[in-house]
$ cat work.txt   # compact mmCIF, C-alpha atoms and all ligand atoms
# COMPACT_ATOMS: atom_id res chain seq x y z
CA MET D 951 166.71 74.80 189.69
CA THR D 952 168.37 76.00 186.50
CA SER D 953 167.13 79.18 184.82
CA SER D 954 165.56 77.05 182.06
CA GLU D 955 163.66 75.03 184.67
CA GLN D 956 162.46 78.20 186.40
CA LEU D 957 161.30 79.75 183.13
CA TYR D 958 159.55 76.52 182.19
CA GLN D 959 157.63 76.51 185.49
CA ARG D 960 156.54 80.10 184.82
CA GLY D 961 155.86 79.26 181.17
CA LEU D 962 153.58 76.37 182.11
CA LYS D 963 151.26 78.85 183.83
CA ALA D 964 151.28 81.38 181.00
CA LEU D 965 151.55 79.27 177.82
CA PRO D 966 149.96 75.86 177.04
CA GLY D 967 152.71 73.33 177.67
CA GLY D 968 155.05 76.25 178.33
CA VAL D 969 155.67 76.85 174.62
CA ASN D 970 154.26 78.47 171.49
CA SER D 971 154.85 75.49 169.18
CA PRO D 972 154.68 71.86 170.41
CA VAL D 973 158.04 70.34 169.43
CA ARG D 974 159.90 73.01 171.45
CA ALA D 975 158.66 71.37 174.65
CA MET D 976 161.08 68.43 174.01
CA ARG D 977 158.56 65.98 175.49
CA SER D 978 159.24 63.30 172.89
CA ILE D 979 162.88 63.12 173.95
CA GLY D 980 161.82 62.87 177.57
CA ARG D 981 163.02 66.15 178.99
CA ASP D 982 161.94 69.72 179.66
CA PRO D 983 162.57 72.52 177.18
CA ILE D 984 165.77 74.55 177.04
CA PHE D 985 165.25 78.31 176.99
CA ILE D 986 167.59 80.05 174.58
CA ALA D 987 169.21 83.39 175.31
CA SER D 988 171.20 84.02 172.12
CA GLY D 989 172.63 82.57 168.93
CA TYR D 990 175.59 83.47 166.81
CA GLY D 991 176.67 81.58 163.69
CA SER D 992 176.27 77.84 164.25
CA HIS D 993 176.03 78.13 168.04
CA ILE D 994 173.29 78.92 170.51
CA ARG D 995 173.54 79.68 174.22
CA ASP D 996 170.86 78.85 176.74
CA VAL D 997 169.75 81.01 179.67
CA ASP D 998 172.11 79.05 181.96
CA GLY D 999 175.13 79.88 179.81
CA ASN D 1000 175.48 76.45 178.16
CA ASP D 1001 176.78 76.57 174.59
CA TYR D 1002 175.55 74.19 171.86
CA VAL D 1003 176.33 73.46 168.22
CA ASP D 1004 172.85 74.08 166.81
CA TRP D 1005 171.57 71.60 164.20
CA VAL D 1006 167.99 72.93 164.29
CA GLY D 1007 168.47 76.47 162.99
CA SER D 1008 164.94 77.42 164.00
CA TRP D 1009 163.71 74.42 161.92
CA GLY D 1010 165.01 75.65 158.60
CA PRO D 1011 165.12 79.40 158.10
CA LEU D 1012 168.66 79.99 159.36
CA ILE D 1013 170.68 78.66 156.45
CA LEU D 1014 173.25 81.41 157.12
CA GLY D 1015 173.34 80.67 160.84
CA HIS D 1016 172.25 82.93 163.69
CA ALA D 1017 172.63 86.71 163.57
CA HIS D 1018 174.46 86.74 160.25
CA PRO D 1019 176.01 90.23 159.99
CA ASP D 1020 174.41 90.92 156.58
CA VAL D 1021 170.95 89.94 157.82
CA THR D 1022 171.35 91.89 161.06
CA LYS D 1023 172.47 94.95 159.08
CA ALA D 1024 169.61 94.70 156.59
CA VAL D 1025 167.00 94.30 159.33
CA THR D 1026 168.51 97.09 161.45
CA GLU D 1027 168.52 99.50 158.53
CA SER D 1028 164.99 98.53 157.63
CA VAL D 1029 163.61 98.88 161.16
CA ARG D 1030 164.87 102.46 161.34
CA ARG D 1031 162.69 103.32 158.35
CA GLY D 1032 159.55 101.96 160.00
CA THR D 1033 158.29 98.44 160.53
CA THR D 1034 155.12 98.15 158.47
CA PHE D 1035 153.01 100.41 156.30
CA GLY D 1036 150.05 98.43 155.03
CA ALA D 1037 151.21 99.66 151.62
CA PRO D 1038 153.59 98.13 149.09
CA THR D 1039 157.36 98.60 149.36
CA GLU D 1040 160.25 98.17 146.91
CA GLY D 1041 161.70 95.18 148.77
CA GLU D 1042 158.63 93.05 148.10
CA VAL D 1043 158.96 93.57 144.36
CA ARG D 1044 162.68 92.76 144.49
CA LEU D 1045 162.14 89.60 146.52
CA ALA D 1046 159.41 88.40 144.14
CA GLU D 1047 161.61 89.15 141.12
CA LEU D 1048 164.55 87.32 142.64
CA ILE D 1049 162.51 84.21 143.52
CA ALA D 1050 160.93 84.18 140.05
CA GLU D 1051 164.42 84.32 138.50
CA ARG D 1052 165.53 81.32 140.51
CA ILE D 1053 162.52 79.01 140.50
CA PRO D 1054 161.56 77.99 136.97
CA SER D 1055 157.87 77.38 137.65
CA VAL D 1056 157.37 80.70 139.47
CA GLU D 1057 156.51 83.84 137.49
CA MET D 1058 154.75 85.73 140.27
CA LEU D 1059 154.13 85.36 143.94
CA ARG D 1060 151.85 86.41 146.75
CA MET D 1061 153.48 86.77 150.16
CA THR D 1062 152.06 85.74 153.53
CA SER D 1063 153.37 85.79 157.11
CA SER D 1064 153.88 82.02 157.50
CA GLY D 1065 154.17 78.76 155.60
CA THR D 1066 150.80 77.68 156.99
CA GLU D 1067 149.07 80.69 155.46
CA ALA D 1068 150.85 80.05 152.19
CA THR D 1069 149.65 76.44 151.91
CA MET D 1070 146.15 77.51 152.95
CA SER D 1071 146.12 80.15 150.23
CA ALA D 1072 147.51 77.74 147.63
CA LEU D 1073 144.69 75.29 148.37
CA ARG D 1074 142.09 78.04 148.04
CA LEU D 1075 143.56 79.06 144.70
CA ALA D 1076 143.68 75.47 143.43
CA ARG D 1077 140.07 74.95 144.47
CA ALA D 1078 138.98 78.14 142.76
CA VAL D 1079 140.82 77.25 139.56
CA THR D 1080 139.55 73.66 139.34
CA GLY D 1081 136.11 74.10 140.89
CA ARG D 1082 136.88 71.03 143.02
CA ASP D 1083 137.41 70.62 146.77
CA ARG D 1084 139.37 67.43 147.30
CA ILE D 1085 143.10 67.47 148.12
CA LEU D 1086 145.62 64.64 147.93
CA LYS D 1087 148.42 64.59 150.48
CA PHE D 1088 150.93 62.05 151.68
CA ALA D 1089 151.08 60.46 155.11
CA GLY D 1090 153.91 62.04 157.07
CA GLY D 1091 153.80 65.18 154.93
CA TYR D 1092 153.48 68.37 156.97
CA HIS D 1093 152.11 71.49 155.35
CA GLY D 1094 151.48 73.72 158.34
CA HIS D 1095 148.54 73.51 160.71
CA VAL D 1096 145.85 74.07 158.08
CA ASP D 1097 142.62 72.24 159.11
CA GLY D 1098 142.38 70.01 156.07
CA LEU D 1099 146.09 69.18 155.98
CA LEU D 1100 146.47 67.82 159.50
CA SER D 1101 145.49 64.27 158.58
CA GLU D 1102 148.38 61.86 159.16
CA ALA D 1103 150.68 64.85 159.16
CA GLY D 1104 154.35 64.69 160.04
CA SER D 1105 156.29 67.06 162.29
CA GLY D 1106 154.71 67.68 165.71
CA LEU D 1107 151.73 65.41 165.04
CA ALA D 1108 153.99 62.48 164.19
CA THR D 1109 156.08 63.29 167.25
CA GLN D 1110 153.03 63.08 169.48
CA GLY D 1111 151.60 60.09 167.60
CA ILE D 1112 148.30 61.80 166.77
CA PRO D 1113 146.77 60.96 163.37
CA ALA D 1114 144.75 64.18 163.18
CA SER D 1115 143.60 66.89 165.52
CA PRO D 1116 140.39 67.47 167.43
CA GLY D 1117 138.81 70.71 166.31
CA VAL D 1118 139.18 70.00 162.60
CA PRO D 1119 135.66 70.01 161.10
CA ALA D 1120 134.68 66.60 159.73
CA ALA D 1121 133.87 68.31 156.45
CA ALA D 1122 137.42 69.69 156.15
CA ALA D 1123 138.98 66.31 156.98
CA ALA D 1124 136.68 64.57 154.48
CA GLU D 1125 138.11 66.62 151.62
CA THR D 1126 141.63 65.31 152.26
CA VAL D 1127 142.73 61.97 150.84
CA THR D 1128 145.94 60.71 152.42
CA VAL D 1129 148.16 58.27 150.55
CA PRO D 1130 151.37 56.52 151.73
CA PHE D 1131 154.46 58.17 150.24
CA ASN D 1132 156.43 56.14 147.66
CA ASP D 1133 153.48 53.77 147.16
CA PRO D 1134 152.67 53.79 143.43
CA GLU D 1135 149.65 51.49 143.74
CA ALA D 1136 147.98 53.51 146.51
CA LEU D 1137 148.60 56.70 144.53
CA ASP D 1138 147.11 55.16 141.41
CA ASN D 1139 144.02 54.01 143.30
CA ALA D 1140 143.45 57.44 144.87
CA LEU D 1141 143.78 59.13 141.49
CA LYS D 1142 141.25 56.71 139.98
CA GLU D 1143 138.78 57.09 142.81
CA HIS D 1144 138.66 60.88 143.33
CA ARG D 1145 138.60 64.10 141.36
CA PHE D 1146 141.22 66.35 142.97
CA ALA D 1147 141.70 70.10 143.11
CA ALA D 1148 145.35 69.47 143.91
CA ALA D 1149 148.02 67.17 145.21
CA ILE D 1150 150.46 68.70 147.69
CA VAL D 1151 153.90 67.28 148.35
CA GLU D 1152 157.28 68.33 149.76
CA PRO D 1153 159.91 67.85 147.02
CA VAL D 1154 161.95 66.19 149.75
CA PRO D 1155 159.64 65.17 152.59
CA ALA D 1156 161.44 66.30 155.73
CA ASN D 1157 158.74 66.22 158.39
CA MET D 1158 158.74 62.43 158.96
CA GLY D 1159 162.50 62.67 159.02
CA VAL D 1160 164.12 63.08 155.60
CA VAL D 1161 162.53 60.60 153.17
CA PRO D 1162 163.38 61.28 149.52
CA ALA D 1163 161.07 60.12 146.72
CA ALA D 1164 161.81 56.82 145.01
CA GLU D 1165 162.81 56.89 141.34
CA GLY D 1166 159.77 57.55 139.17
CA PHE D 1167 157.34 58.35 141.99
CA PHE D 1168 157.16 62.09 141.30
CA LYS D 1169 156.77 61.48 137.57
CA GLN D 1170 153.77 59.27 138.33
CA LEU D 1171 152.38 61.89 140.71
CA GLN D 1172 152.83 64.78 138.30
CA GLU D 1173 151.37 62.99 135.28
CA GLY D 1174 148.65 61.41 137.38
CA ILE D 1175 147.38 64.57 139.04
CA HIS D 1176 147.36 66.44 135.73
CA ALA D 1177 145.48 63.64 133.98
CA ASN D 1178 143.07 63.75 136.91
CA GLY D 1179 142.49 67.47 136.26
CA GLY D 1180 144.11 68.74 139.47
CA LEU D 1181 147.07 71.00 140.16
CA LEU D 1182 150.41 69.96 141.60
CA ILE D 1183 151.52 72.00 144.62
CA ALA D 1184 155.15 71.76 145.73
CA ASP D 1185 155.54 72.60 149.39
CA GLU D 1186 159.02 74.11 149.41
CA VAL D 1187 158.74 75.72 152.82
CA ILE D 1188 161.79 73.70 153.91
CA THR D 1189 163.40 72.72 150.60
CA GLY D 1190 163.13 76.15 148.93
CA PHE D 1191 166.69 77.51 148.59
CA ARG D 1192 168.03 74.84 150.93
CA VAL D 1193 168.67 71.79 148.76
CA HIS D 1194 169.41 73.56 145.47
CA PHE D 1195 170.05 77.04 144.07
CA ASN D 1196 166.84 76.74 142.03
CA GLY D 1197 164.71 75.09 144.70
CA GLY D 1198 163.85 71.51 145.62
CA GLN D 1199 161.87 71.20 142.40
CA ALA D 1200 165.05 71.66 140.37
CA TYR D 1201 166.77 69.07 142.58
CA THR D 1202 164.01 66.49 142.10
CA GLY D 1203 162.76 67.37 138.62
CA LEU D 1204 159.29 68.18 139.92
CA GLU D 1205 157.38 70.70 137.76
CA PRO D 1206 154.62 72.04 140.00
CA ASP D 1207 151.81 74.42 139.11
CA LEU D 1208 152.04 76.17 142.47
CA THR D 1209 154.95 76.46 144.88
CA VAL D 1210 154.62 77.23 148.56
CA MET D 1211 157.57 78.81 150.35
CA GLY D 1212 158.49 80.07 153.80
CA LYS D 1213 161.35 79.68 156.28
CA ILE D 1214 164.49 80.70 154.28
CA ILE D 1215 162.73 83.41 152.24
CA GLY D 1216 162.03 85.25 155.50
CA GLY D 1217 165.64 84.94 156.68
CA GLY D 1218 164.49 84.15 160.24
CA LEU D 1219 161.58 86.57 160.31
CA PRO D 1220 157.94 85.59 159.65
CA ALA D 1221 157.28 85.09 155.93
CA GLY D 1222 155.70 82.75 153.45
CA ALA D 1223 154.68 82.88 149.79
CA VAL D 1224 152.67 81.15 147.08
CA GLY D 1225 154.23 81.24 143.62
CA GLY D 1226 153.26 80.04 140.17
CA SER D 1227 152.40 81.12 136.66
CA ARG D 1228 151.00 84.58 136.01
CA GLU D 1229 147.80 82.99 134.80
CA LEU D 1230 147.21 81.15 138.08
CA LEU D 1231 148.51 83.85 140.44
CA GLU D 1232 146.40 86.56 138.85
CA ARG D 1233 143.35 84.78 140.20
CA PHE D 1234 144.31 86.31 143.58
CA ALA D 1235 142.53 89.57 144.47
CA PRO D 1236 142.76 92.34 143.46
CA ALA D 1237 143.95 91.04 140.05
CA GLY D 1238 141.32 88.29 140.30
CA ASP D 1239 138.46 86.99 142.40
CA VAL D 1240 140.17 84.72 144.97
CA TYR D 1241 140.38 86.61 148.24
CA GLN D 1242 143.68 86.47 150.10
CA ALA D 1243 145.17 89.14 152.36
CA GLY D 1244 147.36 89.90 155.38
CA THR D 1245 148.17 92.91 157.57
CA LEU D 1246 151.85 91.96 157.78
CA SER D 1247 152.15 90.09 154.43
CA GLY D 1248 155.40 91.07 152.72
CA ASN D 1249 156.51 92.80 155.91
CA PRO D 1250 159.51 95.08 155.24
CA LEU D 1251 161.70 93.53 157.96
CA ALA D 1252 161.02 89.98 156.79
CA VAL D 1253 161.63 90.98 153.18
CA ALA D 1254 164.92 92.68 154.13
CA ALA D 1255 166.06 89.55 155.99
CA GLY D 1256 164.96 87.33 153.09
CA LEU D 1257 166.79 89.43 150.50
CA ALA D 1258 169.98 89.51 152.59
CA THR D 1259 169.77 85.73 153.00
CA LEU D 1260 169.15 84.96 149.33
CA ALA D 1261 172.03 87.27 148.35
CA LYS D 1262 174.41 84.90 150.14
CA LEU D 1263 172.97 81.78 148.53
CA GLU D 1264 175.03 81.64 145.35
CA PRO D 1265 175.67 78.27 143.66
CA ASP D 1266 178.94 77.72 145.56
CA ALA D 1267 177.00 77.90 148.84
CA TYR D 1268 175.25 74.68 147.88
CA VAL D 1269 178.56 72.96 147.17
CA ARG D 1270 179.68 73.78 150.72
CA LEU D 1271 176.36 72.74 152.22
CA GLU D 1272 176.50 69.45 150.35
CA ALA D 1273 180.04 68.71 151.57
CA LEU D 1274 179.06 69.52 155.16
CA THR D 1275 175.97 67.30 154.95
CA ALA D 1276 178.04 64.47 153.47
CA ARG D 1277 180.51 64.56 156.39
CA LEU D 1278 177.66 64.27 158.88
CA VAL D 1279 175.96 61.50 156.92
CA GLU D 1280 179.24 59.57 156.76
CA GLY D 1281 179.71 59.94 160.50
CA PHE D 1282 176.19 58.74 161.31
CA ALA D 1283 176.35 55.90 158.78
CA LYS D 1284 179.25 54.35 160.72
CA ALA D 1285 176.95 53.61 163.67
CA PRO D 1286 175.56 50.06 163.38
CA ASN D 1287 172.10 50.90 164.75
CA LEU D 1288 171.52 54.00 162.58
CA SER D 1289 170.42 54.53 159.01
CA VAL D 1290 170.40 57.96 157.38
CA GLY D 1291 168.00 59.76 155.06
CA SER D 1292 169.58 62.75 153.38
CA VAL D 1293 169.83 65.25 150.55
CA PRO D 1294 172.24 68.20 150.45
CA GLY D 1295 171.31 70.52 153.32
CA LEU D 1296 168.98 68.09 155.14
CA LEU D 1297 169.44 64.82 156.97
CA THR D 1298 167.91 62.53 159.57
CA PRO D 1299 169.66 59.73 161.43
CA PHE D 1300 167.01 57.04 161.98
CA PHE D 1301 167.08 54.42 164.73
CA ARG D 1302 166.09 51.75 162.24
CA ALA D 1303 168.13 49.23 160.24
CA GLN D 1304 167.08 50.77 156.94
CA ALA D 1305 166.19 54.38 156.17
CA PRO D 1306 162.38 54.61 155.88
CA THR D 1307 160.69 55.15 152.53
CA ARG D 1308 157.31 56.20 153.97
CA TYR D 1309 155.69 57.29 157.20
CA ALA D 1310 154.62 53.80 158.36
CA GLU D 1311 158.29 52.79 158.25
CA ALA D 1312 159.50 55.98 159.95
CA ALA D 1313 157.01 55.26 162.73
CA GLU D 1314 158.83 51.95 163.39
CA CYS D 1315 161.98 53.78 164.49
CA ASP D 1316 163.11 53.28 168.07
CA GLN D 1317 161.94 56.59 169.47
CA GLU D 1318 163.11 55.73 172.99
CA ALA D 1319 166.61 55.29 171.61
CA TYR D 1320 166.37 58.58 169.71
CA GLY D 1321 165.26 60.34 172.89
CA ALA D 1322 168.18 58.96 174.90
CA PHE D 1323 170.54 59.82 172.03
CA ALA D 1324 169.24 63.40 171.82
CA ARG D 1325 169.53 63.88 175.60
CA ALA D 1326 173.09 62.54 175.55
CA LEU D 1327 173.99 64.97 172.73
CA LEU D 1328 172.51 67.92 174.60
CA ALA D 1329 174.59 66.99 177.64
CA ARG D 1330 177.65 67.22 175.36
CA GLY D 1331 176.89 70.64 173.86
CA VAL D 1332 175.21 69.46 170.66
CA TYR D 1333 171.62 70.57 169.99
CA PRO D 1334 169.72 68.06 167.78
CA PRO D 1335 166.05 68.18 166.73
CA ALA D 1336 163.95 67.07 169.69
CA SER D 1337 162.16 64.44 167.59
CA GLN D 1338 163.00 61.41 165.48
CA PHE D 1339 160.64 62.82 162.84
CA GLU D 1340 162.42 66.10 162.14
CA ALA D 1341 165.38 66.94 159.93
CA TRP D 1342 168.79 68.19 161.01
CA PHE D 1343 169.51 71.51 159.32
CA PRO D 1344 173.16 72.17 158.43
CA SER D 1345 173.92 75.82 157.74
CA LEU D 1346 176.66 77.75 156.00
CA ALA D 1347 177.85 78.89 159.43
CA HIS D 1348 178.75 75.34 160.50
CA THR D 1349 182.48 74.62 160.39
CA ASP D 1350 184.47 71.42 160.13
CA ALA D 1351 185.22 71.87 163.84
CA ASP D 1352 181.45 71.87 164.54
CA VAL D 1353 181.10 68.62 162.60
CA ASP D 1354 184.08 67.09 164.47
CA ARG D 1355 182.64 68.10 167.84
CA THR D 1356 179.24 66.73 166.81
CA LEU D 1357 180.56 63.39 165.56
CA ALA D 1358 182.66 62.96 168.70
CA ALA D 1359 179.52 63.59 170.78
CA VAL D 1360 177.54 61.19 168.58
CA ALA D 1361 180.12 58.42 169.14
CA GLU D 1362 180.02 58.98 172.92
CA ALA D 1363 176.23 59.17 172.98
CA LEU D 1364 175.87 55.90 171.05
CA GLU D 1365 178.37 54.23 173.39
CA GLU D 1366 176.35 55.43 176.37
CA LEU D 1367 173.19 53.97 174.78
CA ALA D 1368 174.83 50.60 174.20
C1 LIG D 1401 157.32 74.57 158.50
C2 LIG D 1401 156.54 74.02 157.38
C3 LIG D 1401 155.28 74.56 157.02
C4 LIG D 1401 154.59 75.59 157.86
O1 LIG D 1401 155.26 76.79 157.93
P1 LIG D 1401 154.97 77.75 159.21
O2 LIG D 1401 155.74 78.98 158.88
O3 LIG D 1401 155.47 77.00 160.39
O4 LIG D 1401 153.51 77.98 159.25
C5 LIG D 1401 154.68 74.09 155.88
N1 LIG D 1401 155.25 73.14 155.12
C6 LIG D 1401 156.45 72.59 155.44
C7 LIG D 1401 157.04 71.57 154.53
C8 LIG D 1401 157.11 72.99 156.59
O5 LIG D 1401 158.24 72.40 156.94
$ encode --input "work.txt" --output "structure tokens"
Amino acid sequence: MTSSEQLYQRGLKALPGGVNSPVRAMRSIGRDPIFIASGYGSHIRDVDGNDYVDWVGSWGPLILGHAHPDVTKAVTESVRRGTTFGAPTEGEVRLAELIAERIPSVEMLRMTSSGTEATMSALRLARAVTGRDRILKFAGGYHGHVDGLLSEAGSGLATQGIPASPGVPAAAAAETVTVPFNDPEALDNALKEHRFAAAIVEPVPANMGVVPAAEGFFKQLQEGIHANGGLLIADEVITGFRVHFNGGQAYTGLEPDLTVMGKIIGGGLPAGAVGGSRELLERFAPAGDVYQAGTLSGNPLAVAAGLATLAKLEPDAYVRLEALTARLVEGFAKAPNLSVGSVPGLLTPFFRAQAPTRYAEAAECDQEAYGAFARALLARGVYPPASQFEAWFPSLAHTDADVDRTLAAVAEALEELA
């Protein structure tokens, strides 16, 4: 047995499915999980000493790659001064100021320890502000494992083919209206039929694979939800500081009332945030009456990692990320059985003739083929997302040599499949 196999056997007795988050188990690509020992730059090494070009990057946070020297230094310096105080620190103010400078719709923010908590808090705020309960979301959109947002969610739920989850109260599920993405008529009908507290959307949906919005769809959503009397929540947990210097909303022209962030802003440590106008954010306690709290919210280590990460993300970083993404997209697009969904910094090769425009189409992809493809890549030292419904995450640590090695492995893997 390999060391990964041994750890998995032990893990199965100590952790449900051997993991702490479902997609890590690699079940949907038909194999057992790989236990990772270390990562540096664009590469990771497993406990058996195998080296991989990593296209997952911990599912989004690691836009600078693993163990970036600046992040390591910032976290190391911070940890020496103590790990948490349950009292405010300077770094939190600086991080909030920096994010507010970059994201036009954000004047203030409240930090959390995860993206899930941030979306949960944003919904509470929207409900308090509007006095309404109902939420509009899109099929295939993933917004963390919040009860009311698990209906027809992407990411791990899509991977396992489960429309919702047992354990979600019927009352919570009933307050969520799910609409197909890029379907103007369905959106119009939902907006006519219900009075919403908010609509929540990823500026670039990336949890059913990468599926950008069709021309005009976000304009309809934004005008429609405002006419309805609800707020627009942009879930930028993935897109925030990945697809554009000023956030996914600048890339897509979305003008949300509330923005949810996570992943990159924690630089690889646990962090999330809800941002928006001063007027809305000051409804949060203690400025206002909407309760929201967290022992480790705005944790000094996470804030140090986030600040060090954002410091590296100058406009030229996005030019490099875009060029890197384009080379991968070009390579994938050459394969006859693949289509590609992409924006700068995010891409998904789909085993489908045409790139999907909504979840029902993404679900038609040949998942068996994706599984065989992913296994063949792993055997060649390339680590892809272990699901057809997740994005590939290029980082600034990836080199042209990494792309060459990946595309060579892709060509071999596709040949093996055929
Ligand atoms: C990852 C993700 C979340 C949840 O963040 P966690 O930190 O995993 O709780 C929410 N929304 C989107 C778009 C995500 O990709």
$ residues_near_ligand --input "work.txt" --ligand "ligand LIG 1401 (chain D)" --cutoff "10 Å" --atoms "all atoms listed in the file" --output "ChimeraX atom specification"
/D:971,1008-1011,1062-1070,1091-1096,1099,1104-1105,1150-1157,1184-1190,1210-1213,1216,1219-1223,1340-1341
$ closest_residue --input "work.txt" --among "D:Thr1026, D:Asn1249, D:Ser1055, D:Ser978" --to "Gly1321 in chain D" --atoms "only C-alpha atoms"
D:Ser978
$ residues_around --input "work.txt" --residues "range 1282-1294 of chain D" --least-positions-apart "2" --cutoff "10 Å" --atoms "only C-alpha atoms" --output "mmCIF file with C-alpha atoms, in the coordinates of the input"
data_model
loop_
_atom_site.group_PDB
_atom_site.id
_atom_site.type_symbol
_atom_site.label_atom_id
_atom_site.label_comp_id
_atom_site.auth_asym_id
_atom_site.auth_seq_id
_atom_site.Cartn_x
_atom_site.Cartn_y
_atom_site.Cartn_z
ATOM 1 C CA VAL D 1154 161.950 66.190 149.750
ATOM 2 C CA ALA D 1156 161.440 66.300 155.730
ATOM 3 C CA GLY D 1159 162.500 62.670 159.020
ATOM 4 C CA VAL D 1160 164.120 63.080 155.600
ATOM 5 C CA VAL D 1161 162.530 60.600 153.170
ATOM 6 C CA PRO D 1162 163.380 61.280 149.520
ATOM 7 C CA THR D 1189 163.400 72.720 150.600
ATOM 8 C CA ARG D 1192 168.030 74.840 150.930
ATOM 9 C CA VAL D 1193 168.670 71.790 148.760
ATOM 10 C CA HIS D 1194 169.410 73.560 145.470
ATOM 11 C CA GLY D 1198 163.850 71.510 145.620
ATOM 12 C CA TYR D 1201 166.770 69.070 142.580
ATOM 13 C CA TYR D 1268 175.250 74.680 147.880
ATOM 14 C CA VAL D 1269 178.560 72.960 147.170
ATOM 15 C CA ARG D 1270 179.680 73.780 150.720
ATOM 16 C CA LEU D 1271 176.360 72.740 152.220
ATOM 17 C CA GLU D 1272 176.500 69.450 150.350
ATOM 18 C CA ALA D 1273 180.040 68.710 151.570
ATOM 19 C CA LEU D 1274 179.060 69.520 155.160
ATOM 20 C CA THR D 1275 175.970 67.300 154.950
ATOM 21 C CA ALA D 1276 178.040 64.470 153.470
ATOM 22 C CA ARG D 1277 180.510 64.560 156.390
ATOM 23 C CA LEU D 1278 177.660 64.270 158.880
ATOM 24 C CA VAL D 1279 175.960 61.500 156.920
ATOM 25 C CA GLU D 1280 179.240 59.570 156.760
ATOM 26 C CA LEU D 1296 168.980 68.090 155.140
ATOM 27 C CA LEU D 1297 169.440 64.820 156.970
ATOM 28 C CA THR D 1298 167.910 62.530 159.570
ATOM 29 C CA PRO D 1299 169.660 59.730 161.430
ATOM 30 C CA PHE D 1300 167.010 57.040 161.980
ATOM 31 C CA PHE D 1301 167.080 54.420 164.730
ATOM 32 C CA ARG D 1302 166.090 51.750 162.240
ATOM 33 C CA ALA D 1303 168.130 49.230 160.240
ATOM 34 C CA GLN D 1304 167.080 50.770 156.940
ATOM 35 C CA ALA D 1305 166.190 54.380 156.170
ATOM 36 C CA PRO D 1306 162.380 54.610 155.880
ATOM 37 C CA THR D 1307 160.690 55.150 152.530
ATOM 38 C CA CYS D 1315 161.980 53.780 164.490
ATOM 39 C CA ASP D 1316 163.110 53.280 168.070
ATOM 40 C CA ALA D 1319 166.610 55.290 171.610
ATOM 41 C CA TYR D 1320 166.370 58.580 169.710
ATOM 42 C CA ALA D 1341 165.380 66.940 159.930
ATOM 43 C CA TRP D 1342 168.790 68.190 161.010
ATOM 44 C CA PHE D 1343 169.510 71.510 159.320
ATOM 45 C CA PRO D 1344 173.160 72.170 158.430
ATOM 46 C CA LEU D 1357 180.560 63.390 165.560
ATOM 47 C CA VAL D 1360 177.540 61.190 168.580
ATOM 48 C CA ALA D 1361 180.120 58.420 169.140
ATOM 49 C CA LEU D 1364 175.870 55.900 171.050
ATOM 50 C CA GLU D 1365 178.370 54.230 173.390
ATOM 51 C CA ALA D 1368 174.830 50.600 174.200
#
$ closest_residue --input "work.txt" --among "D:Pro1206, D:Gly1256, D:Gly1081, D:Gly1041" --to "Gly1218 in chain D" --atoms "all atoms listed in the file"
D:Gly1256
$ closest_residue --input "work.txt" --among "D:Pro1334, D:Pro1130, D:Pro983, D:Gly1179" --to "Thr1080 in chain D" --atoms "all atoms listed in the file"
D:Gly1179
$ decode --input "work.txt" --residues "range 1017-1048 of chain D" --atoms "C-alpha atoms" --output "PDB file, in the first residue's frame"
ATOM      1  CA  ALA D1017       4.120  29.018   0.504  1.00  0.00           C
ATOM      2  CA  HIS D1018       4.779  32.327  -1.217  1.00  0.00           C
ATOM      3  CA  PRO D1019       7.753  33.858   0.636  1.00  0.00           C
ATOM      4  CA  ASP D1020       5.898  37.130   1.351  1.00  0.00           C
ATOM      5  CA  VAL D1021       2.884  35.310   2.779  1.00  0.00           C
ATOM      6  CA  THR D1022       5.046  32.939   4.814  1.00  0.00           C
ATOM      7  CA  LYS D1023       7.000  35.898   6.202  1.00  0.00           C
ATOM      8  CA  ALA D1024       3.879  37.884   7.068  1.00  0.00           C
ATOM      9  CA  VAL D1025       2.248  34.927   8.808  1.00  0.00           C
ATOM     10  CA  THR D1026       5.450  33.974  10.645  1.00  0.00           C
ATOM     11  CA  GLU D1027       5.928  37.512  11.928  1.00  0.00           C
ATOM     12  CA  SER D1028       2.297  37.693  12.942  1.00  0.00           C
ATOM     13  CA  VAL D1029       2.256  34.356  14.766  1.00  0.00           C
ATOM     14  CA  ARG D1030       5.157  35.470  16.956  1.00  0.00           C
ATOM     15  CA  ARG D1031       3.030  38.353  18.216  1.00  0.00           C
ATOM     16  CA  GLY D1032       0.184  36.052  19.257  1.00  0.00           C
ATOM     17  CA  THR D1033      -2.498  34.283  17.265  1.00  0.00           C
ATOM     18  CA  THR D1034      -5.790  35.824  18.368  1.00  0.00           C
ATOM     19  CA  PHE D1035      -6.932  38.398  20.887  1.00  0.00           C
ATOM     20  CA  GLY D1036     -10.700  38.664  20.691  1.00  0.00           C
ATOM     21  CA  ALA D1037     -10.006  42.377  20.284  1.00  0.00           C
ATOM     22  CA  PRO D1038      -9.490  44.493  17.172  1.00  0.00           C
ATOM     23  CA  THR D1039      -6.081  44.760  15.494  1.00  0.00           C
ATOM     24  CA  GLU D1040      -4.563  47.204  12.995  1.00  0.00           C
ATOM     25  CA  GLY D1041      -4.403  44.624  10.197  1.00  0.00           C
ATOM     26  CA  GLU D1042      -8.191  44.271  10.072  1.00  0.00           C
ATOM     27  CA  VAL D1043      -8.622  47.984   9.493  1.00  0.00           C
ATOM     28  CA  ARG D1044      -5.945  47.967   6.784  1.00  0.00           C
ATOM     29  CA  LEU D1045      -7.461  44.980   5.001  1.00  0.00           C
ATOM     30  CA  ALA D1046     -10.934  46.559   5.071  1.00  0.00           C
ATOM     31  CA  GLU D1047      -9.535  49.856   3.773  1.00  0.00           C
ATOM     32  CA  LEU D1048      -7.652  48.118   0.987  1.00  0.00           C
TER      33      LEU D1048
END
